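Reproduced below: data-v4.tsv, with TSV, C-alpha atoms.
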chain	number	residue	atom	x	y	z
D	29	MET	CA	45.69	4.58	1.58
D	30	LEU	CA	41.91	5.15	1.78
D	31	ALA	CA	41.48	1.62	3.06
D	32	GLN	CA	43.36	2.56	6.25
D	33	ILE	CA	41.04	5.43	7.20
D	34	PRO	CA	38.55	3.26	9.15
D	35	ASN	CA	41.32	1.50	11.09
D	36	GLY	CA	43.00	4.85	11.72
D	37	LEU	CA	39.74	6.18	13.18
D	38	SER	CA	39.47	3.13	15.41
D	39	ALA	CA	43.13	3.44	16.49
D	40	LEU	CA	42.52	7.10	17.33
D	41	ARG	CA	40.53	5.93	20.35
D	42	PHE	CA	43.68	4.38	21.85
D	43	ALA	CA	45.36	7.79	21.69
D	44	LEU	CA	42.25	9.46	23.11
D	45	ALA	CA	42.25	6.99	26.02
D	46	ALA	CA	45.86	7.96	26.77
D	47	ILE	CA	44.96	11.64	26.58
D	48	TRP	CA	42.04	11.14	29.00
D	49	ILE	CA	44.26	9.27	31.45
D	50	GLY	CA	46.94	11.95	31.16
D	51	MET	CA	44.49	14.77	31.81
D	52	ALA	CA	42.95	12.93	34.77
D	53	ALA	CA	46.34	12.00	36.24
D	54	HIS	CA	47.51	15.60	36.13
D	55	GLY	CA	44.35	16.87	37.83
D	56	HIS	CA	43.12	18.62	34.70
D	57	GLN	CA	39.92	20.44	35.62
D	58	GLY	CA	38.97	21.69	32.15
D	59	ARG	CA	35.78	19.76	31.49
D	60	PRO	CA	35.50	21.13	27.93
D	61	ALA	CA	38.75	19.27	27.11
D	62	PHE	CA	37.29	16.02	28.47
D	63	ALA	CA	34.08	16.66	26.54
D	64	ILE	CA	35.98	17.20	23.28
D	65	VAL	CA	37.93	13.96	23.79
D	66	ALA	CA	34.72	12.03	24.56
D	67	ILE	CA	32.83	13.46	21.59
D	68	VAL	CA	35.71	12.82	19.18
D	69	ALA	CA	35.94	9.21	20.46
D	70	ALA	CA	32.18	8.67	20.03
D	71	ALA	CA	32.22	10.26	16.56
D	72	SER	CA	35.14	8.09	15.45
D	73	ASP	CA	33.24	5.01	16.64
D	74	PHE	CA	30.12	6.13	14.82
D	75	ILE	CA	31.82	6.65	11.46
D	76	ASP	CA	34.66	4.11	11.26
D	77	GLY	CA	32.46	1.15	10.35
D	78	ARG	CA	30.33	3.20	7.97
D	79	ILE	CA	33.44	4.36	6.12
D	80	ALA	CA	34.83	0.80	6.00
D	81	ARG	CA	31.59	-0.50	4.48
D	82	ARG	CA	31.39	2.37	2.00
D	83	LEU	CA	34.98	1.77	0.89
D	84	GLY	CA	34.39	-1.98	0.75
D	85	VAL	CA	37.18	-2.71	3.25
D	86	ALA	CA	35.13	-3.96	6.21
D	87	SER	CA	36.77	-7.01	7.79
D	88	GLY	CA	36.72	-9.17	10.86
D	89	SER	CA	40.04	-7.74	12.02
D	90	GLY	CA	38.67	-4.22	11.58
D	91	ARG	CA	35.61	-5.10	13.68
D	92	TRP	CA	37.90	-6.49	16.39
D	93	LEU	CA	40.06	-3.35	16.29
D	94	ASP	CA	36.90	-1.25	16.61
D	95	ALA	CA	35.62	-3.25	19.59
D	96	VAL	CA	38.96	-3.26	21.44
D	97	ALA	CA	39.45	0.47	20.78
D	98	ASP	CA	35.95	1.15	22.13
D	99	VAL	CA	36.44	-0.77	25.35
D	100	THR	CA	39.94	0.66	25.85
D	101	PHE	CA	38.65	4.21	25.58
D	102	VAL	CA	35.50	3.63	27.64
D	103	LEU	CA	37.35	1.76	30.39
D	104	ALA	CA	40.10	4.38	30.57
D	105	ALA	CA	37.52	7.12	30.99
D	106	ALA	CA	35.27	5.12	33.33
D	107	PHE	CA	38.09	4.05	35.65
D	108	CYS	CA	39.39	7.64	35.78
D	109	GLU	CA	35.90	8.89	36.60
D	110	ALA	CA	35.47	6.17	39.24
D	111	ALA	CA	38.82	7.14	40.78
D	112	ALA	CA	37.59	10.74	40.90
D	113	GLY	CA	34.42	9.59	42.69
D	114	ALA	CA	32.04	10.43	39.84
D	115	ILE	CA	30.75	6.86	39.50
D	116	PRO	CA	31.06	3.71	41.60
D	117	PHE	CA	33.91	1.35	40.69
D	118	TYR	CA	31.47	-1.44	39.95
D	119	ILE	CA	30.45	0.31	36.71
D	120	PRO	CA	33.83	0.03	34.91
D	121	ILE	CA	34.30	-3.46	36.40
D	122	LEU	CA	30.96	-4.59	34.92
D	123	ILE	CA	31.87	-2.99	31.57
D	124	ALA	CA	35.15	-4.94	31.60
D	125	LEU	CA	33.38	-8.19	32.52
D	126	SER	CA	30.76	-7.66	29.84
D	127	PHE	CA	33.38	-6.98	27.17
D	128	SER	CA	35.49	-9.95	28.27
D	129	GLN	CA	32.50	-12.22	27.93
D	130	TYR	CA	31.71	-10.70	24.54
D	131	ALA	CA	35.25	-11.33	23.33
D	132	ILE	CA	35.40	-14.89	24.63
D	133	ASP	CA	31.95	-15.76	23.24
D	134	SER	CA	32.83	-14.23	19.90
D	135	ALA	CA	36.02	-16.27	19.68
D	136	VAL	CA	34.25	-19.50	20.70
D	137	ILE	CA	30.92	-19.14	18.86
D	138	ALA	CA	31.95	-17.43	15.66
D	139	GLU	CA	34.74	-18.01	13.23
D	140	ARG	CA	37.57	-15.77	14.32
D	141	ALA	CA	37.82	-14.17	10.87
D	142	ALA	CA	34.18	-13.12	11.00
D	143	GLY	CA	34.80	-10.67	13.84
D	144	PRO	CA	33.00	-10.34	17.13
D	145	VAL	CA	29.46	-11.66	17.59
D	146	ARG	CA	26.89	-8.91	17.82
D	147	SER	CA	23.99	-8.76	20.25
D	148	ARG	CA	21.12	-6.35	20.76
D	149	LEU	CA	22.01	-5.61	24.38
D	150	GLY	CA	25.67	-5.36	23.42
D	151	HIS	CA	24.82	-2.68	20.85
D	152	TRP	CA	22.85	-0.74	23.45
D	153	GLY	CA	25.69	-1.27	25.90
D	154	GLY	CA	28.05	0.53	23.51
D	155	ILE	CA	25.63	3.44	23.28
D	156	ILE	CA	25.23	3.54	27.06
D	157	ASN	CA	29.02	3.42	27.50
D	158	TYR	CA	29.56	6.48	25.32
D	159	ALA	CA	26.54	8.32	26.78
D	160	LEU	CA	27.94	7.68	30.25
D	161	VAL	CA	31.41	8.95	29.34
D	162	ILE	CA	30.09	12.02	27.49
D	163	ALA	CA	27.72	12.94	30.34
D	164	LEU	CA	30.52	12.67	32.89
D	165	ALA	CA	32.93	14.58	30.64
D	166	ILE	CA	30.50	17.45	30.19
D	167	SER	CA	29.10	17.63	33.67
D	168	PRO	CA	30.51	15.43	36.46
D	169	PRO	CA	28.79	15.23	39.87
D	170	PRO	CA	27.57	17.31	41.62
D	171	ALA	CA	26.44	19.00	38.38
D	172	LEU	CA	23.09	17.79	37.02
D	173	ALA	CA	24.18	15.34	34.27
D	174	GLY	CA	26.83	13.77	36.47
D	175	ALA	CA	24.46	13.57	39.42
D	176	ILE	CA	21.88	11.83	37.21
D	177	VAL	CA	24.49	9.33	35.98
D	178	ARG	CA	25.63	8.68	39.55
D	179	GLY	CA	22.03	8.22	40.68
D	180	LEU	CA	21.34	5.83	37.79
D	181	ALA	CA	24.48	3.77	38.50
D	182	PRO	CA	22.55	0.87	40.08
D	183	LEU	CA	20.23	0.70	37.04
D	184	ILE	CA	23.21	0.91	34.69
D	185	ALA	CA	24.77	-1.97	36.62
D	186	LEU	CA	21.57	-4.00	36.23
D	187	PHE	CA	21.72	-3.39	32.48
D	188	TYR	CA	25.27	-4.78	32.32
D	189	VAL	CA	24.23	-7.80	34.42
D	190	ALA	CA	21.31	-8.36	32.01
D	191	ALA	CA	23.66	-8.09	29.01
D	192	ILE	CA	26.05	-10.59	30.57
D	193	SER	CA	23.13	-12.92	31.36
D	194	GLU	CA	21.72	-12.62	27.83
D	195	ARG	CA	25.07	-13.46	26.30
D	196	ALA	CA	25.48	-16.44	28.66
D	197	TRP	CA	22.00	-17.66	27.67
D	198	LEU	CA	22.78	-17.23	23.95
D	199	PHE	CA	26.03	-19.12	24.41
D	200	TYR	CA	24.24	-21.93	26.26
D	201	ARG	CA	21.60	-22.18	23.51
D	202	SER	CA	24.24	-22.26	20.76
D	203	ARG	CA	25.88	-25.39	22.14
Rewritten as structure tokens:
Amino acid sequence: MLAQIPNGLSALRFALAAIWIGMAAHGHQGRPAFAIVAIVAAASDFIDGRIARRLGVASGSGRWLDAVADVTFVLAAAFCEAAAGAIPFYIPILIALSFSQYAIDSAVIAERAAGPVRSRLGHWGGIINYALVIALAISPPPALAGAIVRGLAPLIALFYVAAISERAWLFYRSR
């Protein structure tokens, strides 16, 4: 039973993605609700792997579940925020491209059982993804945090392009 806690925490992000989409689709204006969902998602991502390692149940399939749950939640929130005009649509599109490349590279470069391949920029990308979602959840444009995120969107896009380029270079070098 304890062994399922980390996977349950990862799976929670699928439910949180559905909740975010539901709130956005129904025009929910309560930003504290969005903030709670974003913070719970980030917290579950922060602790699921730590708990798995502490319990000795870390696995490649658990790492894949974690990665897919992360991108599902982040993309759900980012596309909803783009649809609301808080960020440009190219941000969630670049996140999706970056994750797709990550998944394909991981499947090609690494043994599938070992889980996804990690990268330095990929790790920072995960942090940026959650920071972006939390900032928009707490304070969408024109409020300060949301306005800052919107203003930084071109730089955020450059980061994702750099991450994609780094992964392409690493893949090229591994061959």
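Take the candidates D:Ile132, D:Ala63, D:Val102, D:Ala52 and check each one against Phe199 (chain D) using all atoms listed in the file; the shortest distance goes to D:Ile132.
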**Request:** Excluding Ile162 (chain D) and any residue of its chain fewer than 2 positions from it, enumerate the residues within 12 Å of it, using all atoms listed in the file, and give them as JSON, numbers by chain.
**Result:** {"D": [59, 60, 61, 62, 63, 64, 65, 66, 67, 68, 69, 70, 71, 101, 102, 105, 106, 109, 155, 156, 157, 158, 159, 160, 164, 165, 166, 167, 168, 173, 174, 177]}
**Request:** Name all residues at most 10 Å from Pro170 (chain D) (count only C-alpha atoms; drop same-chain ones fewer than 6 positions away) and give them as a ChimeraX atom specification.
**Result:** /D:114,176,178
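The closest residue to His151 (chain D), picked from D:Leu172, D:Ile184, D:Ala191, D:Val96 and counting all atoms listed in the file, is D:Ala191.
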Per-residue nearest contacts region 78-183 of chain D to region 31-37 of chain D, cut-off 10 Å, using only C-alpha atoms, as CSV:
residue,atom,partner,partner_atom,distance
D:Arg78,CA,D:Pro34,CA,8.3
D:Ile79,CA,D:Pro34,CA,6.0
D:Ala80,CA,D:Pro34,CA,5.5
D:Arg81,CA,D:Pro34,CA,9.2
D:Leu83,CA,D:Ala31,CA,6.9
D:Gly84,CA,D:Ala31,CA,8.3
D:Val85,CA,D:Ala31,CA,6.1
D:Ala86,CA,D:Pro34,CA,8.5
D:Ser89,CA,D:Asn35,CA,9.4
D:Gly90,CA,D:Asn35,CA,6.3
D:Arg91,CA,D:Asn35,CA,9.1
D:Leu93,CA,D:Asn35,CA,7.2
D:Asp94,CA,D:Asn35,CA,7.6
D:Ala97,CA,D:Leu37,CA,9.5
